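Here's the structure we're looking at; comments come further down.
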Amino acid sequence: MRGFEYVRATDVGSAVALVSGDPGASYLAGGTTQLDLMLKDAVVPQGLLVDIGRLPLRGIATDGDVLRVGALTTMEELAADPVVAERVPFVSEALLAGASTQLRNMATIGGNLLQRTRCRYFRDIAVTDCNKRTPGSGCAAVTGAARMHAILGASAHCIALHASDLCVPLRALDAEVRVEGAAGQRTIAFADLHVMPGERPDVETVLRHGEMISEVLVPLLPAGTRSGYLKVRDRVSYEFALTSAAAALSIEDGVITLARLALGGVGTVPWRATEAERVLVGAPATARTFLAAAEAAIQDPFTVPGTEFKVELAKRTIVRVLRTVSGEQS
Amino acid sequence: MTALDRVDAPLKVSGSAPYPSDFTLPDQVHAVLVQSTVAAGRISAIDTTAALAAPGVLAVITHENAPPLADLPMTPLGAPPRFPFKDDRIIHCGQHVAVVVAGTHEQAASAARLVQVSYETAKPVLDLDDPRAEVVDNGWGMEVDVGDAEAALSSAEITYEETFDIAPEANNPLGLFTTLASWDSDRLTVHDCSQWPIMTRQALATAFGLPESDVRVLVPYLGGGFGAGLRAWSHTLLAALAARVVGRPVKLVLTRPQMFTSVGHRARSRQRLRLGMTGAGRLVAIDQESTAALGAEEDNFSAVVLGTPHAYDCPNVATHDRQVRLNIPNPGFMRAPGHAEGNFALESALDELSYRVGIDPVELRLRNFAEVHPQSGLPWSSNALRECLQVGAERFGWRDRSPVPRSTRDGNWLVGYGMAGVTFGWYAAPCRARLSILASGTAVLKAAATDIGTGTYTIAAQQVAELLGLRVDQVRVEIGDSDLPPAPQSGGSGLAVALTGAIQVAAANLLRALLDEVAADARSPLRGRRLDEVTASDGRLHLIDDPAVGEKYADVLARHGLDELTADGELDLAAAAADAGVAPAGAFAARFAEVRVDEDLGLLRVTRLLSVVDGGRILNEKTARSQIIGGTVMGIGMAMFEEVAFDHATGRVANATFGDYLIPVNADVPDLDVVFVGGPDAFSPTGVKGLGEVGVVGVPAAIANAVYHATGRRIRSLPITIDQLM
Ligand SMILES: Cc1cc2nc3c(=O)[nH]c(=O)nc-3n(C[C@H](O)[C@H](O)[C@H](O)COP(=O)(O)OP(=O)(O)OC[C@H]3O[C@@H](n4cnc5c(N)ncnc54)[C@H](O)[C@@H]3O)c2cc1C
């Protein structure tokens, strides 16, 4: 029987040293992604699991206009935080729209950022064509039963979706990620954390092997800025997004003065709609503006049979979230 | 109509009801299946060296070393599935190709990953329209042809023709199917997830060349079946085979992904429906044709168009059932097979026609009500469809709706009402029951029936208690054991009718035996009395006219030195139906749904769902209601969520997990309103009609019709998803 080793880390330094020194080692936080992939689906090789669950990286603190979130804070804890609810409510909304209560009580913020795609072709080892698992082997999803797949940042090499809800508002907020590595600490801009698949879908983040996320820095929105998260899916709950959008707007005298917009359910990485933000800022907060922003947001989609509808659905999701956040009714 | 709590509820709630996977035998070892990753071709090589060398492994069984088994017998529900270890051929993805047996489950699972299978692959046939596919016409001989549908269609005032598509669905009972097989020299005992212990026994006995008396199949509890337990699936045979090979008891538990390919599913279907109608809304012609998927070497024909011929009064009816052989895992029966699909087409079409002829959908169904059975012309044994429709319309507030589509809006939501009529089938199979009174004055019922979660234990205990004048807690029900008197399957909604009928016969026989016992007993106040003079209450048999004259069961047995007094009851309703002079009826129902649709985002929410059901006499309102509620939730799944996604190129199931295969969650299900109407059925000896499946039927049509009323958009393919609605 193939075994694996399990170590419960007692401090950050030794955990980082252990994983950095063993190419087959990985961190175990809440385990809701990692245990499935390693033990149930056997998609990632079995190796040393370093359980970081008891490290003192759990908790939320306000530091001026930044919220410092320990990587081991659970999704439920962050969702329930009063500062989050008041200053960045769309973070709380995105968290609560994700998974189930049971999962959110186990799953950590650090793990959420690094969750692997739900692509069934990636997660089924009987499938041989998966560039993410075996570089150069092809992509079975492109010709397969695609639906929960990406249309932005995707290509014939890979259409695997980054399915996190939390990452969508974090991307909109320009959060930052603090990591501890064998070579010391560094801070990574959220925009840089996830890497577009290109021709190497197996490379998913800029993290070096053994680097541990210790903290996520979440900038708080200025007072008066409103935010919202809209997740569109078949079921009312307990399903990943077909499309989602996180928006924050400040509006003065009917004119948009601040706009942050990011998309979920459509991108191979958490997707910032920069072009759309450009359309929004300085424009009147009207349906026409929102429509123009939606058009600007979805450019050069890569679709396959089964994902075409997401192009239009994503636009409508954007329009709806902007309407809701702006308080505009029709 | 009582609402007694389930007699097995405390066991289930406390986790002590023994399901097949809960049993453990001394010396037990574990089997894990290896399944084909290709859909067609042959196994060119299978290398088990690494698996055999893995820790704890006792055996790896493949087609190369498996002892041969005899072919399985035909069953009343159709041919058995092909046994996959017969040869090296692969006919579907997920076909079992090896069984690894090891000391622990983990050892077996780990070694199973080491079995190296090489395939010579062929291009699989996966599409209903693939010209290479073999087509079976009218495989079950269930087609109906009365009058002249073609001629009536060509002369009808109003004609209709549309096509309906329904995605394949997986039964997915929560309890993973398990077999625990053990041999005692040449006697085989199997704990299995069977809805039909007698059939499983026969299959195993035939396969291993044993007399049936040497095979025992046990299913005291089953974690759901929904039709998945109605066939002798090969994992059951393989567990028994593995136990024989290693000489120890073997437990085999399917994984959730394996459940999608190993125990059947509702086949993908496409129906073409043509209707002819008068301007006054009377049906003059129905021509309904279905094309459904079938396994590649599968002869389990399952007709789709089952309910239509007797649903409404129509002089010209033709149905056609075609099956197309594909390289897919064998379909099988899934709750309300055929009925659920056929009803979706017919009731959607009637809704469309109601708008065309300008007659309210409820009224349109009432106009076409079948006063007598449309084909035989015989009076119904019961048919409260009219009452279902009328009570439902009243209770739902149907008449308050604005009949014009797209006319009700609430913010971003369009609101719509839809309804459907429902006609279920009648099915009966012979059943036996054995009833005993013990010296303690309590009773025991024995039958090889199963309780698949429907409440068989409860209604059987209630009925015995009522007939023998005992409290429910004085009745012990023993079922789920093939050694007991033969009973039919829990499936086809026929068991409640057959079993309660057999219990009634057994109870009469038992009381007659008791009277015989005291016929010459000078000390018995009942000596010389006839059955029609007596009745039972409070644990005693007494005169109907003078309750003071009688005595306790316990006293009779004590005086006569008896440990127990036993009688069998047997009932063959199908045989009796031939000259009954009535058309035996199944359940009828009407469904009313309210939906909200956010058109921009394609969101669909069911906000109200009412079921009005004619189930004959309702023995237990609580278990009956639970059956309807459970069925309705499955109907919501069929309407809005469920689809087994077969990969177009490889035939693999691309969503074989509960994370990817969507079923309704609590938040998708509104409070479900259930009302029972009608009275005891005149043909069923106990007045009971089956209720286990009708709960599914009509839900998809009611929802689709409500979507049309809300949006003006007609959806003829299931599931109805966001991309269809936006
Ligand atoms: C059924 C189901 C439904 C779900 N639905 C949703 C949903 O709707 N929306 C959504 O957003 N998410 C959803 N999820 C994903 C869930 O949110 C993630 O699995 C979870 O957040 C991962 O956190 P974890 O602590 O369990 O991570 P783990 O499983 O422990 O780890 C995940 C990965 O991150 C690595 N890792 C963990 N912590 C660190 C760290 N501090 N530093 C470096 N590496 C680390 C691990 O090595 C591993 O590779 C769902 C998951 C499941 C199983």
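Order determines the names: the first chain of the structure tokens is A, the second B, and so forth; residues in each chain are numbered 1 upward, and ligands are numbered 1 upward as they are shown.
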
Hey, which residues sit close to ligand 1? Say within 7 Å, counting only C-alpha atoms and all ligand atoms, and write them as a short mmCIF file (atom, residue, chain, number, x, y, z; two decimals) with all heavy atoms, in the first residue's frame.
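The file below, result-v4.cif, is the result:
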data_model
loop_
_atom_site.label_atom_id
_atom_site.label_comp_id
_atom_site.auth_asym_id
_atom_site.auth_seq_id
_atom_site.Cartn_x
_atom_site.Cartn_y
_atom_site.Cartn_z
N SER A 26 3.81 18.62 0.93
CA SER A 26 2.86 19.72 0.75
C SER A 26 2.23 20.08 2.08
O SER A 26 2.28 19.31 3.04
CB SER A 26 1.78 19.33 -0.27
OG SER A 26 1.14 18.14 0.15
N TYR A 27 1.65 21.28 2.10
CA TYR A 27 0.98 21.74 3.31
C TYR A 27 -0.43 21.20 3.36
O TYR A 27 -1.11 21.03 2.35
CB TYR A 27 0.91 23.28 3.34
CG TYR A 27 2.26 23.91 3.46
CD1 TYR A 27 2.76 24.73 2.45
CD2 TYR A 27 3.04 23.71 4.60
CE1 TYR A 27 4.00 25.31 2.56
CE2 TYR A 27 4.29 24.29 4.72
CZ TYR A 27 4.77 25.09 3.70
OH TYR A 27 6.00 25.66 3.81
N LEU A 28 -0.86 20.96 4.59
CA LEU A 28 -2.24 20.58 4.83
C LEU A 28 -2.84 21.62 5.76
O LEU A 28 -2.37 21.82 6.87
CB LEU A 28 -2.31 19.20 5.50
CG LEU A 28 -3.70 18.70 5.82
CD1 LEU A 28 -4.47 18.34 4.56
CD2 LEU A 28 -3.63 17.47 6.74
N ALA A 29 -3.86 22.33 5.28
CA ALA A 29 -4.55 23.29 6.15
C ALA A 29 -5.88 22.66 6.55
O ALA A 29 -5.90 21.70 7.31
CB ALA A 29 -4.70 24.62 5.43
N GLY A 30 -6.99 23.14 5.99
CA GLY A 30 -8.28 22.51 6.31
C GLY A 30 -8.45 21.15 5.64
O GLY A 30 -9.27 20.33 6.05
N GLY A 31 -7.70 20.94 4.58
CA GLY A 31 -7.71 19.63 3.92
C GLY A 31 -8.85 19.41 2.94
O GLY A 31 -8.94 18.35 2.33
N THR A 32 -9.71 20.41 2.76
CA THR A 32 -10.91 20.16 1.93
C THR A 32 -10.58 20.04 0.45
O THR A 32 -11.36 19.48 -0.32
CB THR A 32 -11.97 21.26 2.14
OG1 THR A 32 -11.41 22.52 1.76
CG2 THR A 32 -12.42 21.32 3.58
N THR A 33 -9.47 20.56 0.04
CA THR A 33 -9.01 20.34 -1.34
C THR A 33 -7.95 19.25 -1.37
O THR A 33 -8.01 18.29 -2.13
CB THR A 33 -8.41 21.63 -1.93
OG1 THR A 33 -9.45 22.57 -2.17
CG2 THR A 33 -7.70 21.36 -3.24
N GLN A 34 -6.98 19.39 -0.47
CA GLN A 34 -5.79 18.57 -0.54
C GLN A 34 -6.06 17.08 -0.32
O GLN A 34 -5.51 16.23 -1.01
CB GLN A 34 -4.76 19.10 0.48
CG GLN A 34 -3.41 18.45 0.43
CD GLN A 34 -2.67 18.72 -0.88
OE1 GLN A 34 -3.13 19.51 -1.71
NE2 GLN A 34 -1.54 18.07 -1.07
N LEU A 35 -6.92 16.77 0.63
CA LEU A 35 -7.15 15.36 0.93
C LEU A 35 -7.90 14.67 -0.21
O LEU A 35 -7.60 13.52 -0.55
CB LEU A 35 -7.89 15.20 2.26
CG LEU A 35 -7.09 15.65 3.49
CD1 LEU A 35 -7.89 15.44 4.76
CD2 LEU A 35 -5.75 14.91 3.59
N ALA A 71 -3.59 33.30 7.59
CA ALA A 71 -3.88 32.31 6.53
C ALA A 71 -4.75 31.16 7.03
O ALA A 71 -5.43 30.51 6.25
CB ALA A 71 -2.58 31.77 5.94
N LEU A 72 -4.69 30.89 8.32
CA LEU A 72 -5.45 29.74 8.84
C LEU A 72 -6.82 30.14 9.40
O LEU A 72 -7.53 29.29 9.94
CB LEU A 72 -4.63 29.01 9.89
CG LEU A 72 -3.39 28.33 9.31
CD1 LEU A 72 -2.49 27.79 10.42
CD2 LEU A 72 -3.77 27.20 8.36
N LEU A 95 -17.80 34.78 0.51
CA LEU A 95 -17.49 33.62 1.34
C LEU A 95 -18.75 32.80 1.61
O LEU A 95 -18.76 31.58 1.49
CB LEU A 95 -16.87 34.08 2.66
CG LEU A 95 -15.40 34.50 2.57
CD1 LEU A 95 -15.02 35.32 3.80
CD2 LEU A 95 -14.50 33.28 2.43
N ALA A 97 -21.40 32.62 -0.03
CA ALA A 97 -21.97 32.00 -1.24
C ALA A 97 -21.18 30.75 -1.63
O ALA A 97 -21.56 30.04 -2.56
CB ALA A 97 -21.95 32.99 -2.39
N GLY A 98 -20.10 30.48 -0.91
CA GLY A 98 -19.24 29.37 -1.29
C GLY A 98 -19.48 28.13 -0.45
O GLY A 98 -19.84 28.21 0.72
N ALA A 99 -19.29 26.99 -1.06
CA ALA A 99 -19.29 25.68 -0.39
C ALA A 99 -20.51 25.54 0.52
O ALA A 99 -21.61 25.97 0.18
CB ALA A 99 -17.98 25.48 0.35
N SER A 100 -20.29 24.94 1.69
CA SER A 100 -21.38 24.74 2.65
C SER A 100 -20.84 25.14 4.02
O SER A 100 -19.63 25.29 4.20
CB SER A 100 -21.79 23.27 2.69
OG SER A 100 -20.69 22.50 3.14
N LEU A 103 -18.10 22.84 5.25
CA LEU A 103 -16.82 23.06 4.58
C LEU A 103 -16.19 24.37 5.02
O LEU A 103 -14.99 24.45 5.27
CB LEU A 103 -17.00 23.07 3.06
CG LEU A 103 -17.12 21.69 2.42
CD1 LEU A 103 -17.81 21.77 1.07
CD2 LEU A 103 -15.75 21.04 2.27
N ARG A 104 -17.01 25.40 5.16
CA ARG A 104 -16.45 26.72 5.51
C ARG A 104 -15.88 26.73 6.92
O ARG A 104 -15.05 27.55 7.25
CB ARG A 104 -17.53 27.80 5.37
CG ARG A 104 -17.99 28.03 3.93
CD ARG A 104 -18.77 29.32 3.79
NE ARG A 104 -19.95 29.36 4.60
CZ ARG A 104 -21.20 29.04 4.18
NH1 ARG A 104 -21.39 28.64 2.94
NH2 ARG A 104 -22.23 29.11 5.01
N MET A 106 -14.15 24.27 8.08
CA MET A 106 -12.86 23.58 7.97
C MET A 106 -11.89 24.37 7.09
O MET A 106 -10.69 24.45 7.37
CB MET A 106 -13.03 22.20 7.32
CG MET A 106 -13.66 21.13 8.19
SD MET A 106 -12.71 20.79 9.67
CE MET A 106 -11.23 20.05 8.95
N ALA A 107 -12.43 24.92 6.02
CA ALA A 107 -11.58 25.49 4.98
C ALA A 107 -10.96 26.81 5.44
O ALA A 107 -11.61 27.64 6.07
CB ALA A 107 -12.40 25.72 3.72
N THR A 108 -9.69 27.01 5.08
CA THR A 108 -8.97 28.21 5.50
C THR A 108 -8.85 29.20 4.33
O THR A 108 -9.03 28.85 3.17
CB THR A 108 -7.55 27.84 5.96
OG1 THR A 108 -6.82 27.34 4.83
CG2 THR A 108 -7.59 26.78 7.06
N ILE A 109 -8.51 30.43 4.72
CA ILE A 109 -8.37 31.47 3.71
C ILE A 109 -7.17 31.18 2.80
O ILE A 109 -7.25 31.29 1.58
CB ILE A 109 -8.23 32.85 4.39
CG1 ILE A 109 -9.48 33.15 5.24
CG2 ILE A 109 -7.96 33.95 3.38
CD1 ILE A 109 -10.79 33.08 4.49
N GLY A 110 -6.06 30.77 3.41
CA GLY A 110 -4.89 30.44 2.59
C GLY A 110 -5.20 29.31 1.62
O GLY A 110 -4.86 29.37 0.43
N GLY A 111 -5.87 28.29 2.12
CA GLY A 111 -6.23 27.15 1.28
C GLY A 111 -7.20 27.56 0.18
O GLY A 111 -7.13 27.05 -0.95
N ASN A 112 -8.08 28.49 0.49
CA ASN A 112 -9.05 28.91 -0.53
C ASN A 112 -8.34 29.55 -1.72
O ASN A 112 -8.70 29.31 -2.88
CB ASN A 112 -10.05 29.89 0.09
CG ASN A 112 -11.20 30.17 -0.87
OD1 ASN A 112 -11.01 30.83 -1.88
ND2 ASN A 112 -12.38 29.63 -0.58
N LEU A 113 -7.33 30.36 -1.43
CA LEU A 113 -6.60 31.01 -2.52
C LEU A 113 -5.89 30.00 -3.41
O LEU A 113 -5.72 30.21 -4.61
CB LEU A 113 -5.54 31.97 -1.93
CG LEU A 113 -5.95 33.43 -1.69
CD1 LEU A 113 -7.34 33.54 -1.07
CD2 LEU A 113 -4.92 34.14 -0.82
N LEU A 114 -5.48 28.87 -2.77
CA LEU A 114 -4.69 27.89 -3.51
C LEU A 114 -5.50 26.66 -3.89
O LEU A 114 -4.94 25.63 -4.28
CB LEU A 114 -3.47 27.49 -2.67
CG LEU A 114 -2.53 28.66 -2.35
CD1 LEU A 114 -1.36 28.18 -1.50
CD2 LEU A 114 -2.03 29.33 -3.62
N GLN A 115 -6.81 26.73 -3.76
CA GLN A 115 -7.64 25.57 -4.14
C GLN A 115 -7.38 25.25 -5.61
O GLN A 115 -7.16 26.13 -6.43
CB GLN A 115 -9.11 25.84 -3.89
CG GLN A 115 -9.71 26.96 -4.71
CD GLN A 115 -11.23 27.08 -4.46
OE1 GLN A 115 -12.00 26.38 -5.07
NE2 GLN A 115 -11.61 27.96 -3.55
N ARG A 116 -7.43 23.98 -5.91
CA ARG A 116 -7.19 23.56 -7.29
C ARG A 116 -8.50 23.53 -8.05
O ARG A 116 -9.58 23.45 -7.47
CB ARG A 116 -6.55 22.15 -7.31
CG ARG A 116 -5.30 22.01 -6.44
CD ARG A 116 -4.08 22.73 -6.99
NE ARG A 116 -3.66 22.34 -8.32
CZ ARG A 116 -2.86 21.31 -8.60
NH1 ARG A 116 -2.39 20.54 -7.63
NH2 ARG A 116 -2.51 21.04 -9.84
N ALA A 163 -12.00 28.38 -9.37
CA ALA A 163 -13.39 28.39 -8.93
C ALA A 163 -13.63 29.14 -7.63
O ALA A 163 -14.74 29.16 -7.13
CB ALA A 163 -13.89 26.96 -8.80
N SER A 164 -12.63 29.76 -7.07
CA SER A 164 -12.83 30.43 -5.78
C SER A 164 -13.77 31.62 -5.90
O SER A 164 -13.67 32.42 -6.84
CB SER A 164 -11.49 30.92 -5.23
OG SER A 164 -11.70 31.83 -4.18
N ASP A 165 -14.66 31.74 -4.92
CA ASP A 165 -15.48 32.95 -4.81
C ASP A 165 -14.70 34.05 -4.09
O ASP A 165 -14.72 35.20 -4.50
CB ASP A 165 -16.77 32.65 -4.05
CG ASP A 165 -17.72 31.78 -4.85
OD1 ASP A 165 -18.14 32.22 -5.92
OD2 ASP A 165 -18.02 30.65 -4.40
N LEU A 166 -14.05 33.68 -3.02
CA LEU A 166 -13.34 34.67 -2.21
C LEU A 166 -12.33 35.46 -3.03
O LEU A 166 -12.15 36.67 -2.85
CB LEU A 166 -12.62 33.95 -1.05
CG LEU A 166 -11.65 34.80 -0.23
CD1 LEU A 166 -12.38 35.91 0.51
CD2 LEU A 166 -10.86 33.92 0.73
N GLU A 211 6.96 27.63 -0.19
CA GLU A 211 6.51 28.92 0.33
C GLU A 211 5.12 28.77 0.95
O GLU A 211 4.23 28.14 0.38
CB GLU A 211 6.49 29.98 -0.78
CG GLU A 211 7.87 30.59 -1.01
CD GLU A 211 7.86 31.76 -1.98
OE1 GLU A 211 7.10 31.70 -2.97
OE2 GLU A 211 8.62 32.71 -1.75
N MET A 212 5.00 29.38 2.12
CA MET A 212 3.73 29.25 2.85
C MET A 212 3.07 30.62 2.93
O MET A 212 3.72 31.62 3.25
CB MET A 212 3.99 28.75 4.27
CG MET A 212 2.72 28.59 5.10
SD MET A 212 3.05 28.51 6.88
CE MET A 212 3.96 27.01 6.98
N ILE A 213 1.78 30.65 2.64
CA ILE A 213 1.03 31.90 2.84
C ILE A 213 0.82 32.06 4.34
O ILE A 213 0.31 31.14 5.00
CB ILE A 213 -0.33 31.87 2.12
CG1 ILE A 213 -0.13 31.71 0.60
CG2 ILE A 213 -1.14 33.11 2.43
CD1 ILE A 213 -1.41 31.67 -0.20
N SER A 214 1.23 33.20 4.88
CA SER A 214 1.02 33.41 6.31
C SER A 214 -0.14 34.37 6.57
O SER A 214 -0.84 34.26 7.56
CB SER A 214 2.29 33.95 6.96
OG SER A 214 2.69 35.14 6.29
N TYR A 238 -24.71 25.73 -2.52
CA TYR A 238 -23.82 24.59 -2.60
C TYR A 238 -23.48 24.22 -4.04
O TYR A 238 -23.68 23.10 -4.48
CB TYR A 238 -24.43 23.39 -1.87
CG TYR A 238 -23.41 22.35 -1.48
CD1 TYR A 238 -22.08 22.70 -1.27
CD2 TYR A 238 -23.76 21.01 -1.34
CE1 TYR A 238 -21.15 21.75 -0.92
CE2 TYR A 238 -22.83 20.05 -0.99
CZ TYR A 238 -21.52 20.43 -0.79
OH TYR A 238 -20.59 19.49 -0.44
N GLU A 239 -23.00 25.19 -4.76
CA GLU A 239 -22.54 24.93 -6.12
C GLU A 239 -21.53 26.02 -6.48
O GLU A 239 -21.69 27.17 -6.07
CB GLU A 239 -23.73 24.97 -7.10
CG GLU A 239 -23.36 24.51 -8.51
CD GLU A 239 -24.51 24.70 -9.51
OE1 GLU A 239 -25.61 25.08 -9.09
OE2 GLU A 239 -24.27 24.49 -10.71
N PHE A 240 -20.55 25.66 -7.26
CA PHE A 240 -19.61 26.66 -7.74
C PHE A 240 -20.32 27.58 -8.72
O PHE A 240 -21.39 27.25 -9.24
CB PHE A 240 -18.41 25.98 -8.41
CG PHE A 240 -17.50 25.32 -7.42
CD1 PHE A 240 -17.63 23.98 -7.11
CD2 PHE A 240 -16.53 26.07 -6.77
CE1 PHE A 240 -16.80 23.38 -6.17
CE2 PHE A 240 -15.70 25.48 -5.83
CZ PHE A 240 -15.84 24.14 -5.53
N ALA A 241 -19.71 28.73 -8.98
CA ALA A 241 -20.36 29.72 -9.84
C ALA A 241 -20.29 29.31 -11.30
O ALA A 241 -19.29 28.79 -11.77
CB ALA A 241 -19.64 31.06 -9.67
N GLY B 659 -20.48 16.48 -6.07
CA GLY B 659 -20.11 17.87 -6.28
C GLY B 659 -20.47 18.34 -7.68
O GLY B 659 -20.77 19.50 -7.90
#

- Taking only C-alpha atoms into account, what are the residues of chain A at most 8 Å from chain B, put as a list in words? Met1, Arg2, Arg120, Tyr121, Ala126, Thr143, Gly144, Ala145, Val232, Arg233, Asp234, Arg235, Val236, Ser237, Tyr238, Glu239, Phe309, Leu313, Arg316 and Thr317 of chain A

- Task: Run DSSP on the backbone of this structure and report the residues of segment 206-422 of chain B it assigns to strand (DSSP E or B), as an MDAnalysis selection string.
- Result: chainID B and resid 215:218 250:253 265:266 269:277 283:295 317:326 372 379:380 409:410 413:422

- Query: Quick one: of A:Asp202, A:Glu215, A:Glu5, A:Asp124, who's nearest to Ile188 of chain A, counting only C-alpha atoms?
  - Reply: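 Between A:Asp202, A:Glu215, A:Glu5, A:Asp124, the residue approaching Ile188 of chain A most closely is A:Glu215.
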
- Message: Using DSSP assignments from the backbone, pull out every residue in segment 1-84 of chain A that falls under alpha helix (DSSP H) and give it to me as a list in words.
- Response: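 Secondary structure check on segment 1-84 of chain A, alpha helix (DSSP H): Val12, Gly13, Ser14, Ala15, Val16, Ala17, Leu18, Val19, Ser20, Gln34, Leu35, Met75, Glu76, Glu77, Leu78, Ala79, Pro82, Val83 and Val84 of chain A.
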
- Message: Could you check the closest approach to Pro131 of chain B for each of B:Val324, B:Ala50, B:Ile61, B:Ala40 and tell me which residue wins, using only C-alpha atoms?
- Response: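 Distance minimum relative to Pro131 of chain B lands on B:Val324.
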
- For Arg201 of chain B, please output as an NGL selection string all residues within 9 Å (counting only C-alpha atoms; exclusion window: fewer than 5 positions along the same chain). :B and (190 or 196 or 206 or 212-213 or 215-217 or 482)

- Show which residues sit within 7 Å of Phe4 of chain A, as a PyMOL selection string. Count only C-alpha atoms, and ignore same-chain residues fewer than 6 positions away. chain A and resi 46-48

- Message: As an exercise, work out the distance from atom CA of Ser382 of chain B to atom CA of Arg617 of chain B in Å and give it to one decimal place.
- Response: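 For atom CA of Ser382 of chain B relative to atom CA of Arg617 of chain B, the distance reads 10.5 Å.
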
- Message: So that I can see what lies close to Phe83 of chain B, please list as a ChimeraX atom specification the residues with an atom at most 9 Å from it, counting only C-alpha atoms and leaving out residues fewer than 6 positions away in the same chain.
- Response: /B:69,71-72,233-234,237

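The residue that comes closest to Val497 of chain B, out of B:Leu445, B:Leu222, B:Leu691, B:Leu514 and on the basis of only C-alpha atoms, is B:Leu691.
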